[in-house]
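Participant: This is query-v2.tsv, which holds TSV, C-alpha atoms:
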```tsv
chain	number	residue	atom	x	y	z
N	1	MET	CA	107.09	56.72	59.37
N	2	LEU	CA	108.49	58.56	62.39
N	3	ASN	CA	106.61	58.07	65.63
N	4	TYR	CA	106.35	60.36	68.65
N	5	ASP	CA	104.27	60.66	71.79
N	6	VAL	CA	103.56	64.29	70.99
N	7	ILE	CA	104.28	66.66	68.12
N	8	VAL	CA	104.35	70.35	68.99
N	9	CYS	CA	103.57	72.75	66.14
N	10	GLY	CA	105.26	76.10	66.69
N	11	ALA	CA	108.42	76.93	68.63
N	12	GLY	CA	107.31	80.14	70.31
N	13	PRO	CA	107.04	80.43	74.12
N	14	ALA	CA	104.00	78.12	74.31
N	15	GLY	CA	105.37	75.42	72.02
N	16	ALA	CA	108.94	75.44	73.26
N	17	SER	CA	107.77	75.35	76.89
N	18	ALA	CA	105.41	72.48	76.13
N	19	ALA	CA	108.11	70.53	74.30
N	20	ALA	CA	110.62	70.95	77.11
N	21	ALA	CA	108.12	69.96	79.79
N	22	ALA	CA	106.85	66.92	77.87
N	23	ALA	CA	110.36	65.72	77.03
N	24	SER	CA	111.50	66.13	80.63
N	25	GLN	CA	108.68	63.78	81.65
N	26	GLY	CA	110.01	61.05	79.38
N	27	LEU	CA	107.85	61.59	76.30
N	28	LYS	CA	109.24	61.40	72.79
N	29	VAL	CA	108.68	64.90	71.40
N	30	ALA	CA	109.07	66.60	68.03
N	31	LEU	CA	109.08	70.42	68.02
N	32	LEU	CA	108.26	71.86	64.59
N	33	GLU	CA	108.86	75.46	63.53
N	34	LYS	CA	108.10	76.80	60.06
N	35	GLN	CA	111.00	79.28	60.03
N	36	PRO	CA	114.69	78.54	60.55
N	37	LEU	CA	115.74	79.52	64.06
N	38	PRO	CA	116.56	82.08	65.22
N	39	ARG	CA	113.81	83.93	63.37
N	40	HIS	CA	112.21	87.35	63.65
N	41	LYS	CA	108.96	87.45	65.57
N	42	THR	CA	106.86	90.60	65.67
N	43	CYS	CA	106.24	91.33	69.33
N	44	GLY	CA	106.92	94.09	71.84
N	45	GLY	CA	109.01	91.61	73.79
N	46	GLY	CA	108.04	92.71	77.29
N	47	MET	CA	107.30	90.22	80.04
N	48	PRO	CA	107.18	90.07	83.84
N	49	MET	CA	110.29	88.75	85.53
N	50	VAL	CA	108.18	85.95	87.06
N	51	VAL	CA	108.74	84.12	83.75
N	52	GLY	CA	112.05	83.04	85.28
N	53	ASP	CA	110.24	81.40	88.20
N	54	VAL	CA	107.69	79.67	85.97
N	55	LEU	CA	110.21	78.19	83.55
N	56	LYS	CA	113.13	77.49	85.88
N	57	ASN	CA	116.57	76.48	84.60
N	58	ILE	CA	116.89	79.46	82.28
N	59	ALA	CA	119.68	82.05	82.21
N	60	PRO	CA	118.09	85.52	81.91
N	61	ASP	CA	121.46	87.08	81.10
N	62	ALA	CA	121.36	85.25	77.77
N	63	PHE	CA	118.28	87.06	76.50
N	64	VAL	CA	117.14	89.90	78.81
N	65	GLU	CA	118.31	93.15	77.18
N	66	SER	CA	116.95	95.60	79.74
N	67	GLN	CA	115.16	95.50	83.08
N	68	VAL	CA	112.37	98.05	83.35
N	69	ARG	CA	111.59	99.65	86.71
N	70	TYR	CA	109.68	102.74	85.60
N	71	MET	CA	106.66	103.50	83.42
N	72	ARG	CA	106.25	106.90	81.81
N	73	HIS	CA	102.57	107.45	81.12
N	74	THR	CA	101.23	110.18	78.82
N	75	TRP	CA	97.93	111.46	77.48
N	76	MET	CA	98.15	112.80	73.91
N	77	PHE	CA	101.93	112.81	74.49
N	78	ASN	CA	101.45	115.37	77.30
N	79	GLU	CA	100.48	115.20	80.97
N	80	ALA	CA	103.52	112.98	81.50
N	81	TYR	CA	103.64	110.93	84.68
N	82	LEU	CA	106.78	108.95	85.50
N	83	ALA	CA	106.00	106.20	87.99
N	84	ASP	CA	108.29	103.84	89.87
N	85	ILE	CA	107.32	100.16	89.77
N	86	ASN	CA	109.02	99.90	93.17
N	87	PRO	CA	107.98	103.03	95.13
N	88	PRO	CA	109.79	103.70	98.42
N	89	GLY	CA	108.68	101.29	101.12
N	90	THR	CA	107.53	98.53	98.76
N	91	SER	CA	108.98	95.05	98.67
N	92	PRO	CA	110.08	92.93	96.93
N	93	ASP	CA	111.85	94.67	94.08
N	94	ILE	CA	110.19	93.67	90.80
N	95	CYS	CA	110.78	94.54	87.15
N	96	LEU	CA	109.74	93.80	83.60
N	97	TRP	CA	112.10	92.01	81.25
N	98	MET	CA	112.65	93.30	77.72
N	99	VAL	CA	113.73	90.74	75.13
N	100	GLN	CA	114.02	90.26	71.40
N	101	ARG	CA	111.78	87.38	70.49
N	102	SER	CA	114.28	86.00	68.00
N	103	ILE	CA	116.78	85.48	70.81
N	104	PHE	CA	114.28	84.53	73.51
N	105	ASP	CA	112.37	81.98	71.42
N	106	ASN	CA	115.59	80.37	70.23
N	107	ALA	CA	116.80	80.08	73.84
N	108	LEU	CA	113.55	78.31	74.78
N	109	ALA	CA	113.80	76.01	71.76
N	110	GLN	CA	117.36	75.04	72.70
N	111	ARG	CA	116.17	74.47	76.26
N	112	ALA	CA	113.62	72.00	74.84
N	113	VAL	CA	116.39	70.23	72.92
N	114	LYS	CA	118.43	69.88	76.12
N	115	ALA	CA	115.38	68.32	77.75
N	116	GLY	CA	115.27	65.71	74.99
N	117	ALA	CA	112.91	67.16	72.36
N	118	GLU	CA	113.78	66.83	68.68
N	119	LEU	CA	113.77	70.28	67.07
N	120	ARG	CA	112.80	70.39	63.38
N	121	ASP	CA	112.81	74.01	62.21
N	122	ASN	CA	112.25	75.32	58.68
N	123	LEU	CA	109.24	73.00	58.37
N	124	ALA	CA	105.72	74.33	57.83
N	125	VAL	CA	102.86	72.05	58.83
N	126	LYS	CA	100.68	71.32	55.79
N	127	SER	CA	98.17	68.82	57.14
N	128	ILE	CA	97.10	66.85	60.20
N	129	GLU	CA	95.18	63.65	59.62
N	130	ILE	CA	93.35	62.12	62.56
N	131	GLU	CA	93.39	58.33	62.88
N	132	PRO	CA	91.87	56.05	65.52
N	133	ASP	CA	95.14	55.67	67.39
N	134	GLY	CA	96.78	59.03	66.76
N	135	ALA	CA	97.38	61.80	64.24
N	136	ILE	CA	99.66	62.05	61.22
N	137	VAL	CA	101.43	65.36	60.69
N	138	ARG	CA	102.84	66.28	57.31
N	139	ALA	CA	105.17	69.25	56.95
N	140	SER	CA	107.58	70.54	54.35
N	141	SER	CA	110.06	73.30	53.59
N	142	MET	CA	109.79	75.35	50.41
N	143	LYS	CA	113.36	76.55	50.95
N	144	THR	CA	115.07	73.18	51.27
N	145	GLY	CA	112.55	70.76	49.78
N	146	THR	CA	112.61	68.73	53.01
N	147	ASN	CA	109.48	66.71	53.81
N	148	PHE	CA	108.41	65.49	57.23
N	149	GLU	CA	105.80	62.87	57.99
N	150	ALA	CA	105.24	61.52	61.46
N	151	LYS	CA	102.61	60.07	63.73
N	152	ALA	CA	101.90	61.00	67.34
N	153	LYS	CA	99.26	60.27	69.92
N	154	HIS	CA	98.79	63.98	70.60
N	155	ILE	CA	99.37	67.27	68.79
N	156	ILE	CA	99.94	70.56	70.64
N	157	GLY	CA	99.03	73.46	68.39
N	158	ALA	CA	101.16	76.45	69.35
N	159	ASP	CA	101.45	77.97	65.90
N	160	GLY	CA	100.01	81.40	66.66
N	161	ALA	CA	96.93	83.44	65.89
N	162	SER	CA	96.83	82.44	62.22
N	163	GLY	CA	98.20	78.92	62.57
N	164	ILE	CA	96.87	75.92	60.74
N	165	THR	CA	96.33	73.68	63.77
N	166	ALA	CA	93.23	75.44	65.12
N	167	LYS	CA	91.67	75.41	61.65
N	168	ILE	CA	92.27	71.69	61.21
N	169	ALA	CA	90.93	71.04	64.71
N	170	ASN	CA	87.83	73.14	63.94
N	171	LEU	CA	88.37	75.10	67.14
N	172	ARG	CA	88.12	78.86	67.77
N	173	ARG	CA	86.32	79.59	64.51
N	174	LYS	CA	85.26	83.07	65.66
N	175	LYS	CA	88.10	85.13	67.03
N	176	ALA	CA	88.25	88.55	68.67
N	177	MET	CA	91.43	90.09	67.35
N	178	ALA	CA	93.42	93.11	68.43
N	179	ILE	CA	95.90	94.51	65.93
N	180	ALA	CA	99.26	96.19	66.42
N	181	ILE	CA	102.11	97.51	64.32
N	182	GLU	CA	105.63	98.32	65.45
N	183	ILE	CA	109.10	99.27	64.37
N	184	GLU	CA	112.52	98.41	65.73
N	185	HIS	CA	114.37	101.70	65.57
N	186	PRO	CA	118.13	101.87	66.21
N	187	TYR	CA	118.98	103.95	69.26
N	188	ASP	CA	122.29	105.06	70.70
N	189	TRP	CA	121.97	105.22	74.47
N	190	LYS	CA	124.77	107.79	74.50
N	191	ASN	CA	122.14	110.28	73.34
N	192	ASN	CA	121.38	110.51	77.04
N	193	HIS	CA	117.82	111.80	76.80
N	194	PRO	CA	116.56	111.96	80.40
N	195	ASP	CA	113.23	110.34	79.52
N	196	VAL	CA	114.62	107.59	77.29
N	197	THR	CA	116.62	105.10	79.33
N	198	PRO	CA	116.85	101.28	79.47
N	199	GLU	CA	114.83	101.29	82.71
N	200	ILE	CA	111.78	103.16	81.37
N	201	ILE	CA	108.92	101.99	79.20
N	202	HIS	CA	106.56	104.56	77.71
N	203	LEU	CA	102.79	104.14	77.45
N	204	GLU	CA	100.57	106.62	75.56
N	205	TYR	CA	96.79	106.37	76.07
N	206	GLY	CA	95.17	109.26	74.21
N	207	ALA	CA	96.64	109.11	70.72
N	208	ILE	CA	94.91	105.86	69.72
N	209	LYS	CA	91.18	105.53	70.22
N	210	ASN	CA	90.44	102.11	71.73
N	211	GLY	CA	94.16	101.39	72.07
N	212	TYR	CA	97.54	102.66	73.18
N	213	ALA	CA	101.09	103.22	71.98
N	214	TRP	CA	104.38	102.23	73.57
N	215	ILE	CA	108.17	102.35	73.61
N	216	PHE	CA	110.04	99.33	74.92
N	217	PRO	CA	113.83	99.71	75.36
N	218	LYS	CA	116.17	97.02	74.02
N	219	ALA	CA	119.96	96.69	73.90
N	220	ASP	CA	120.58	98.71	70.74
N	221	HIS	CA	117.13	99.82	69.63
N	222	LEU	CA	113.67	100.91	70.68
N	223	ASN	CA	110.59	98.84	69.97
N	224	ILE	CA	107.99	101.52	69.19
N	225	GLY	CA	104.46	100.44	68.46
N	226	ALA	CA	100.75	101.13	68.66
N	227	GLY	CA	97.74	98.89	68.79
N	228	LEU	CA	93.96	98.70	68.85
N	229	PHE	CA	92.94	96.52	71.78
N	230	HIS	CA	89.20	97.17	71.99
N	231	GLN	CA	87.07	96.45	68.96
N	232	GLY	CA	84.37	99.07	69.60
N	233	MET	CA	84.85	101.24	66.49
N	234	TRP	CA	86.73	98.94	64.13
N	235	LYS	CA	83.97	98.06	61.73
N	236	SER	CA	83.29	101.71	60.88
N	237	ARG	CA	86.88	102.35	59.81
N	238	SER	CA	88.96	101.12	56.90
N	239	ASN	CA	92.23	99.25	57.32
N	240	ILE	CA	94.00	102.17	55.65
N	241	GLU	CA	92.62	104.61	58.25
N	242	ILE	CA	93.54	102.34	61.13
N	243	ARG	CA	97.09	101.82	59.85
N	244	ALA	CA	97.53	105.58	59.32
N	245	ASP	CA	96.51	106.28	62.93
N	246	LEU	CA	98.86	103.64	64.31
N	247	GLU	CA	101.79	104.85	62.22
N	248	LYS	CA	101.11	108.45	63.23
N	249	ALA	CA	101.38	107.51	66.90
N	250	ILE	CA	104.78	105.93	66.21
N	251	PHE	CA	105.98	109.03	64.35
N	252	ASN	CA	104.75	111.23	67.21
N	253	TYR	CA	106.79	109.25	69.71
N	254	LEU	CA	109.91	109.70	67.59
N	255	ASP	CA	109.23	113.43	67.26
N	256	LEU	CA	108.55	113.77	70.99
N	257	PHE	CA	112.07	112.66	71.87
N	258	GLY	CA	113.82	114.23	68.90
N	259	ILE	CA	114.80	110.88	67.39
N	260	ALA	CA	115.77	111.21	63.73
N	261	TYR	CA	114.04	108.92	61.23
N	262	GLN	CA	113.28	108.54	57.55
N	263	PRO	CA	109.66	107.45	57.05
N	264	GLU	CA	110.29	105.99	53.60
N	265	LYS	CA	112.98	103.67	54.99
N	266	MET	CA	111.10	102.47	58.05
N	267	LYS	CA	109.90	98.87	58.16
N	268	PHE	CA	106.59	98.40	59.92
N	269	HIS	CA	105.67	94.99	61.30
N	270	GLY	CA	102.02	94.17	61.83
N	271	HIS	CA	100.63	91.36	63.91
N	272	PRO	CA	97.22	90.13	65.12
N	273	LEU	CA	96.60	89.53	68.81
N	274	PRO	CA	93.90	86.93	69.60
N	275	LEU	CA	92.12	88.23	72.68
N	276	TRP	CA	90.54	86.11	75.37
N	277	GLN	CA	86.85	85.56	74.54
N	278	GLY	CA	85.76	83.62	77.57
N	279	LYS	CA	85.63	79.95	78.43
N	280	GLU	CA	85.69	77.74	75.35
N	281	GLN	CA	86.90	74.40	74.07
N	282	ARG	CA	90.64	74.33	73.45
N	283	HIS	CA	91.09	70.64	72.70
N	284	THR	CA	89.31	68.38	70.24
N	285	PRO	CA	86.66	65.90	71.46
N	286	ASP	CA	88.90	63.01	70.43
N	287	GLU	CA	91.65	64.49	72.66
N	288	ARG	CA	94.19	64.42	69.83
N	289	ILE	CA	94.80	68.17	69.44
N	290	LEU	CA	95.36	70.77	72.18
N	291	LEU	CA	95.76	74.50	71.53
N	292	ALA	CA	98.17	76.66	73.51
N	293	GLY	CA	99.40	80.26	73.52
N	294	ASP	CA	98.13	82.60	70.82
N	295	ALA	CA	96.54	79.66	69.01
N	296	ALA	CA	94.32	79.27	72.08
N	297	GLY	CA	93.47	83.00	72.27
N	298	LEU	CA	95.27	83.76	75.52
N	299	ILE	CA	96.02	87.48	75.12
N	300	ASN	CA	95.04	89.64	78.09
N	301	PRO	CA	92.20	91.89	76.80
N	302	LEU	CA	93.38	94.84	78.90
N	303	PHE	CA	97.18	94.87	78.68
N	304	GLY	CA	97.58	92.96	75.42
N	305	ASP	CA	100.36	90.79	76.89
N	306	GLY	CA	100.66	87.11	76.09
N	307	ILE	CA	104.13	85.65	76.70
N	308	LEU	CA	103.62	84.52	80.31
N	309	HIS	CA	100.18	83.12	79.48
N	310	ALA	CA	101.57	81.26	76.48
N	311	ILE	CA	104.25	79.64	78.64
N	312	LYS	CA	101.76	78.63	81.31
N	313	SER	CA	99.40	77.12	78.75
N	314	GLY	CA	102.25	75.16	77.18
N	315	LEU	CA	103.18	73.72	80.57
N	316	ILE	CA	99.55	72.76	81.25
N	317	ALA	CA	99.26	71.12	77.83
N	318	ALA	CA	102.41	69.07	78.41
N	319	GLU	CA	101.24	68.00	81.84
N	320	CYS	CA	97.84	66.91	80.55
N	321	VAL	CA	99.47	64.86	77.79
N	322	ALA	CA	102.03	63.29	80.14
N	323	GLN	CA	99.36	62.40	82.70
N	324	ASN	CA	96.91	61.13	80.07
N	325	ASP	CA	94.46	63.81	81.21
N	326	VAL	CA	93.74	65.67	77.97
N	327	LYS	CA	89.99	65.44	78.65
N	328	ASN	CA	90.45	68.09	81.37
N	329	TYR	CA	92.75	70.40	79.38
N	330	SER	CA	90.17	73.02	78.39
N	331	GLN	CA	88.78	73.10	81.92
N	332	ARG	CA	92.27	73.63	83.33
N	333	ILE	CA	92.98	76.44	80.87
N	334	ASN	CA	89.67	78.11	81.75
N	335	SER	CA	90.35	77.73	85.48
N	336	GLU	CA	93.81	79.25	85.09
N	337	PHE	CA	92.91	82.26	82.95
N	338	ALA	CA	89.22	83.09	83.34
N	339	PRO	CA	89.58	84.58	86.86
N	340	LYS	CA	92.09	87.08	85.43
N	341	PHE	CA	90.87	87.68	81.91
N	342	GLU	CA	87.13	88.03	82.59
N	343	PRO	CA	87.56	91.06	84.90
N	344	ALA	CA	90.33	92.36	82.63
N	345	SER	CA	87.86	92.33	79.73
N	346	LYS	CA	85.33	94.29	81.80
N	347	LEU	CA	87.95	96.82	82.79
N	348	ALA	CA	89.11	97.20	79.18
N	349	SER	CA	85.57	98.07	78.06
N	350	PHE	CA	85.22	100.52	80.95
N	351	PHE	CA	88.61	102.12	80.32
N	352	TYR	CA	88.09	102.71	76.62
N	353	LYS	CA	84.70	104.35	77.19
N	354	MET	CA	86.28	107.03	79.42
N	355	PRO	CA	90.02	106.88	78.76
N	356	HIS	CA	90.97	110.39	79.90
N	357	LEU	CA	89.01	110.11	83.12
N	358	CYS	CA	90.62	106.72	83.77
N	359	TYR	CA	94.01	108.22	83.02
N	360	GLN	CA	93.54	111.15	85.40
N	361	TYR	CA	92.02	109.25	88.33
N	362	GLY	CA	93.39	105.77	87.76
N	363	VAL	CA	96.67	105.54	85.86
N	364	LYS	CA	98.17	108.59	87.58
N	365	ARG	CA	97.46	107.39	91.10
N	366	PRO	CA	100.69	106.88	93.09
N	367	ASN	CA	100.31	103.11	93.46
N	368	ALA	CA	98.70	102.33	90.09
N	369	THR	CA	101.90	101.41	88.26
N	370	ARG	CA	103.00	99.05	91.02
N	371	ILE	CA	99.57	97.41	90.93
N	372	ALA	CA	99.72	97.06	87.13
N	373	ALA	CA	103.12	95.36	87.34
N	374	ARG	CA	101.87	92.97	90.01
N	375	LEU	CA	98.81	92.17	87.91
N	376	LEU	CA	101.12	91.35	85.01
N	377	MET	CA	102.96	88.98	87.34
N	378	ASP	CA	99.74	87.29	88.53
N	379	GLU	CA	100.44	88.44	92.08
N	380	LEU	CA	97.11	90.22	92.65
N	381	ASP	CA	93.45	89.30	92.30
N	382	PHE	CA	92.39	90.91	89.02
N	383	ASN	CA	88.71	90.84	89.98
N	384	ASP	CA	89.34	92.73	93.21
N	385	MET	CA	91.54	95.36	91.52
N	386	THR	CA	89.01	95.86	88.71
N	387	GLY	CA	86.22	96.50	91.18
N	388	ARG	CA	88.30	99.03	93.09
N	389	PHE	CA	89.38	100.84	89.93
N	390	MET	CA	85.85	101.15	88.56
N	391	GLY	CA	84.54	102.27	91.93
N	392	ARG	CA	87.22	104.97	92.16
N	393	ILE	CA	86.41	106.34	88.72
N	394	GLY	CA	82.71	106.29	89.57
N	395	LYS	CA	83.34	108.43	92.65
N	396	ALA	CA	85.44	110.83	90.57
N	397	MET	CA	82.57	111.26	88.12
N	398	ILE	CA	80.09	112.01	90.92
N	399	GLY	CA	82.49	114.29	92.77
```
Please render this file's structure as C-alpha cells.
Facilitator:
Amino acid sequence: MLNYDVIVCGAGPAGASAAAAAASQGLKVALLEKQPLPRHKTCGGGMPMVVGDVLKNIAPDAFVESQVRYMRHTWMFNEAYLADINPPGTSPDICLWMVQRSIFDNALAQRAVKAGAELRDNLAVKSIEIEPDGAIVRASSMKTGTNFEAKAKHIIGADGASGITAKIANLRRKKAMAIAIEIEHPYDWKNNHPDVTPEIIHLEYGAIKNGYAWIFPKADHLNIGAGLFHQGMWKSRSNIEIRADLEKAIFNYLDLFGIAYQPEKMKFHGHPLPLWQGKEQRHTPDERILLAGDAAGLINPLFGDGILHAIKSGLIAAECVAQNDVKNYSQRINSEFAPKFEPASKLASFFYKMPHLCYQYGVKRPNATRIAARLLMDELDFNDMTGRFMGRIGKAMIG
C-alpha cells in the first residue's frame, strides 16, 4: 500500500494550495482529483488580485484573462451606475482578476507538483477508512479502471460542496446553500459596446429576489449568471420557478446589450454555494480529517465569493498538519473567517429585506464600489463597514 503524510481530496484552489504548502514543508503529499485536468469547473471566476500575494510564486499572466477596474451596477437593468474601483485620489491601484477555473485550477495543481506533491487526477474518492494510526483512502476511475489505495496520517477534504469527505467525516451535516446558474457565452470584443469591456463587471440587484445577476468578462467570452444568495423565500418556491427566474435574468442581460443568442442551444451550468453558517467543527475529533474551501462552507454570505477563502483555508490546513497542530484547525478557521463572515451575514439579511433602498443609498454612493473591492481583498474591517452601511440606510429611511 502507498503511504503519505497527507492525502488531499480535490484539486481546486483549497486542495491545490494545501498540497503545495504541505509539500513545500517536506511532507509526502498525494493530491487527488476526480476529473482529468484541466477540467471545467462551474464558477464565475472572479477574485481579488490579493490572491497573488497570498499564494506567491505564481504567474498571473498564465491565467488572468482580464483585470476589472469598474463595476456597472443596475436595478431592474435600469438606473445604471458605473463606478471606478480606483476613484481619483485613491491609492493603491487595485483590481479584480477574471479567470477560467479550468486554467486557474490546473495552474495551481501544477504548482503543487513543482513543490513536490504527487498529482493523481481522474480518480474519484470512494471511501475513507479511519484506523488508529491513520486513514486509508480508496479511489478509482470509471474511465480508465485505475484503482488507488493509500494510507496517510491526515486527510484534507477539499472536494467541494457535495464532496464525499465531509459526509464520511460526519461534519457539516446541515448546510445553508446558495444556488447559482451561469453560461459562458462567446463574445467578440470588436463589437465595441461602450458598456461591455474587459475592465467592467456588471452587477444587477433587482431582477432576482434574494439574489443578484452578473456579467464577468473573460478573454473570448462572457460569464453571465444569476444566483440566490439569501434563503428567505426558497421553501415557498419550486426548483422549476427558481431556475426560470435565474435563466430570465441571464436572457435579460443578453437582450440589454444586444447580444445574439439561441436559447435552445445554450448550456446552463448550475452549482451550489455552501454559505458560512457560523463557527463550527471543521476537523474530526481524531484529527484525521480536515475540511477546507467549499467543503468547509467558506462562501461569503454577502458577496458569494469563495476562491480567496478557499486558498487561505488550504494554507491553514497544510500548516496545521505540518506543525502537528490539527487540534487547533477549526479554531484557526473560525478566527480567520468569523470576523468577516458574521457581519457579512447580517448585512446580507439587511440588504435583501430592502434591496432598492440599499441600492439607492448604499451601492450608488461614490465610494461604495471601492469599499466593496477592499472588503473582497480583506483590507477593511467588515464589522465596521457593515455598521456604517446599516446606519446610513437607517438615516435615509427616517429622512
Participant: Counting only C-alpha atoms, what is within 7 Å of N:Asn383, bar same-chain residues fewer than 3 positions away, as a ChimeraX atom specification?
Facilitator: /N:340,343,386-387
Participant: Take atom CA of N:Trp189 and atom CA of N:Ser66 and report the distance between them in Å, one decimal.
Facilitator: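 Separating atom CA of N:Trp189 from atom CA of N:Ser66 is a distance of 12.1 Å.
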Participant: Determine the nearest neighbour of N:Ile208 from the options N:His269, N:Lys41, N:His356, N:Lys153, counting all atoms listed in the file.
Facilitator: N:His356
Participant: Counting all atoms listed in the file, what is within 8 Å of stretch 68-77 of chain N, bar same-chain residues fewer than 6 positions away, as a list in words?
Facilitator: Ala83, Asp84, Ile85, Asn86, Ile94, Cys95, Leu96, Trp97, Met98, Pro198, Glu199, Ile200, Ile201, His202, Leu203, Glu204, Tyr205, Gly206, Ala207, Asn252, Tyr253, Leu256, His356, Tyr359, Val363, Lys364 and Thr369 of chain N
Participant: Could you work out how far atom CA of N:Asn192 lies from atom CA of N:Asp245, giving the answer in Å with one decimal?
Facilitator: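 Between these atoms lies a distance of 28.9 Å.
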Participant: I'd like the interatomic distance between atom CA of N:Ile164 and atom CA of N:Ala21, to a tenth of an Å.
Facilitator: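 If I compute the distance from atom CA of N:Ile164 to atom CA of N:Ala21, I get 22.9 Å.
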Participant: Find, counting all atoms listed in the file, the residue in N:Leu246, N:Ala150, N:Val6, N:Ala158 that gets nearest to N:Ile181.
Facilitator: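 Comparing N:Leu246, N:Ala150, N:Val6, N:Ala158 against N:Ile181, the winner is N:Leu246.
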Participant: Measuring atom to atom with all atoms listed in the file, identify which of N:Arg282, N:Lys190, N:His185, N:Tyr4 is nearest to N:Phe251.
Facilitator: N:His185
Participant: Just the residues within 12 Å of N:Asp121, please, counting only C-alpha atoms, with nothing from its chain fewer than 3 positions along; format it as an mmCIF file with C-alpha atoms, in the coordinates of the input.
Facilitator:
```cif
data_model
loop_
_atom_site.group_PDB
_atom_site.id
_atom_site.type_symbol
_atom_site.label_atom_id
_atom_site.label_comp_id
_atom_site.auth_asym_id
_atom_site.auth_seq_id
_atom_site.Cartn_x
_atom_site.Cartn_y
_atom_site.Cartn_z
ATOM 1 C CA VAL N 8 104.350 70.350 68.990
ATOM 2 C CA CYS N 9 103.570 72.750 66.140
ATOM 3 C CA GLY N 10 105.260 76.100 66.690
ATOM 4 C CA ALA N 11 108.420 76.930 68.630
ATOM 5 C CA GLY N 12 107.310 80.140 70.310
ATOM 6 C CA ALA N 16 108.940 75.440 73.260
ATOM 7 C CA ALA N 30 109.070 66.600 68.030
ATOM 8 C CA LEU N 31 109.080 70.420 68.020
ATOM 9 C CA LEU N 32 108.260 71.860 64.590
ATOM 10 C CA GLU N 33 108.860 75.460 63.530
ATOM 11 C CA LYS N 34 108.100 76.800 60.060
ATOM 12 C CA GLN N 35 111.000 79.280 60.030
ATOM 13 C CA PRO N 36 114.690 78.540 60.550
ATOM 14 C CA LEU N 37 115.740 79.520 64.060
ATOM 15 C CA PRO N 38 116.560 82.080 65.220
ATOM 16 C CA ARG N 39 113.810 83.930 63.370
ATOM 17 C CA ASN N 106 115.590 80.370 70.230
ATOM 18 C CA ALA N 109 113.800 76.010 71.760
ATOM 19 C CA GLN N 110 117.360 75.040 72.700
ATOM 20 C CA VAL N 113 116.390 70.230 72.920
ATOM 21 C CA GLU N 118 113.780 66.830 68.680
ATOM 22 C CA ALA N 124 105.720 74.330 57.830
ATOM 23 C CA VAL N 125 102.860 72.050 58.830
ATOM 24 C CA ALA N 139 105.170 69.250 56.950
ATOM 25 C CA SER N 140 107.580 70.540 54.350
ATOM 26 C CA SER N 141 110.060 73.300 53.590
ATOM 27 C CA LYS N 143 113.360 76.550 50.950
ATOM 28 C CA THR N 144 115.070 73.180 51.270
ATOM 29 C CA THR N 146 112.610 68.730 53.010
ATOM 30 C CA ASN N 147 109.480 66.710 53.810
ATOM 31 C CA PHE N 148 108.410 65.490 57.230
#
```
Participant: Need the shell around N:Lys114: protein/DNA/RNA residues with any atom at most 10 Å away, counting all atoms listed in the file. Skip same-chain ones fewer than 5 positions apart. Format as a list in words?
Facilitator: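 Residues meeting the cut-off are Ala20, Ala23, Ser24, Leu108 and Ala109 of chain N.
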Participant: Please report, as AutoDock Vina command-line options, the centre and edge lengths in Å to one decimal of an axis-aligned box covering all listed atoms of stretch 354-364 of chain N with 6 Å per side.
Facilitator:
```
--center_x 92.2 --center_y 108.3 --center_z 83.5 --size_x 23.9 --size_y 17.6 --size_z 21.6
```
Participant: Have a look at N:Asn239, N:Arg101, N:Ala19, N:His193 and name the one nearest to N:Gly116; count all atoms listed in the file.
Facilitator: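 The closest residue to N:Gly116 is N:Ala19.
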Participant: Nearest to N:Asp384: which of N:Ala112, N:Ile333, N:Ile371, N:Ile103 is it, counting only C-alpha atoms?
Facilitator: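 Selected residue with least distance to N:Asp384: N:Ile371.
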Participant: If we count all atoms listed in the file and set the cut-off at 12 Å, which residues sit around N:Arg243, ignoring sequence neighbours fewer than 3 positions away in its own chain? Please answer as a PDB file with C-alpha atoms, keeping the file's coordinate frame.
Facilitator:
```
ATOM      1  CA  ILE N 179      95.900  94.510  65.930  1.00  0.00           C
ATOM      2  CA  ALA N 180      99.260  96.190  66.420  1.00  0.00           C
ATOM      3  CA  ILE N 181     102.110  97.510  64.320  1.00  0.00           C
ATOM      4  CA  GLU N 182     105.630  98.320  65.450  1.00  0.00           C
ATOM      5  CA  ILE N 208      94.910 105.860  69.720  1.00  0.00           C
ATOM      6  CA  GLY N 225     104.460 100.440  68.460  1.00  0.00           C
ATOM      7  CA  ALA N 226     100.750 101.130  68.660  1.00  0.00           C
ATOM      8  CA  GLY N 227      97.740  98.890  68.790  1.00  0.00           C
ATOM      9  CA  LEU N 228      93.960  98.700  68.850  1.00  0.00           C
ATOM     10  CA  TRP N 234      86.730  98.940  64.130  1.00  0.00           C
ATOM     11  CA  ARG N 237      86.880 102.350  59.810  1.00  0.00           C
ATOM     12  CA  SER N 238      88.960 101.120  56.900  1.00  0.00           C
ATOM     13  CA  ASN N 239      92.230  99.250  57.320  1.00  0.00           C
ATOM     14  CA  ILE N 240      94.000 102.170  55.650  1.00  0.00           C
ATOM     15  CA  LEU N 246      98.860 103.640  64.310  1.00  0.00           C
ATOM     16  CA  GLU N 247     101.790 104.850  62.220  1.00  0.00           C
ATOM     17  CA  LYS N 248     101.110 108.450  63.230  1.00  0.00           C
ATOM     18  CA  ALA N 249     101.380 107.510  66.900  1.00  0.00           C
ATOM     19  CA  ILE N 250     104.780 105.930  66.210  1.00  0.00           C
ATOM     20  CA  PHE N 268     106.590  98.400  59.920  1.00  0.00           C
ATOM     21  CA  HIS N 269     105.670  94.990  61.300  1.00  0.00           C
ATOM     22  CA  GLY N 270     102.020  94.170  61.830  1.00  0.00           C
ATOM     23  CA  HIS N 271     100.630  91.360  63.910  1.00  0.00           C
TER      24      HIS N 271
END
```
Participant: Distance cut-off 12 Å, centre (92.2, 70.5, 82.2) in file coordinates, counting all atoms listed in the file: which residues qualify? Return them as number ranges by chain.
Facilitator: N: 280-283, 287, 290-291, 313, 315-321, 323-337
Participant: So, counting all atoms listed in the file, which residue among N:Leu171, N:Phe229, N:Glu342, N:Leu376 is closest to N:Gly157?
Facilitator: N:Leu171
Participant: Could you give me, as CSV, every stretch 334-372 of chain N residue with an atom at most 12 Å from stretch 212-216 of chain N, plus its closest atom pair and distance in Å to one decimal, counting only C-alpha atoms, rows ordered by chain then number?
Facilitator:
```
residue,atom,partner,partner_atom,distance
N:Ala348,CA,N:Tyr212,CA,11.7
N:Phe351,CA,N:Tyr212,CA,11.4
N:Tyr352,CA,N:Tyr212,CA,10.1
N:Pro355,CA,N:Tyr212,CA,10.3
N:Tyr359,CA,N:Tyr212,CA,11.8
```
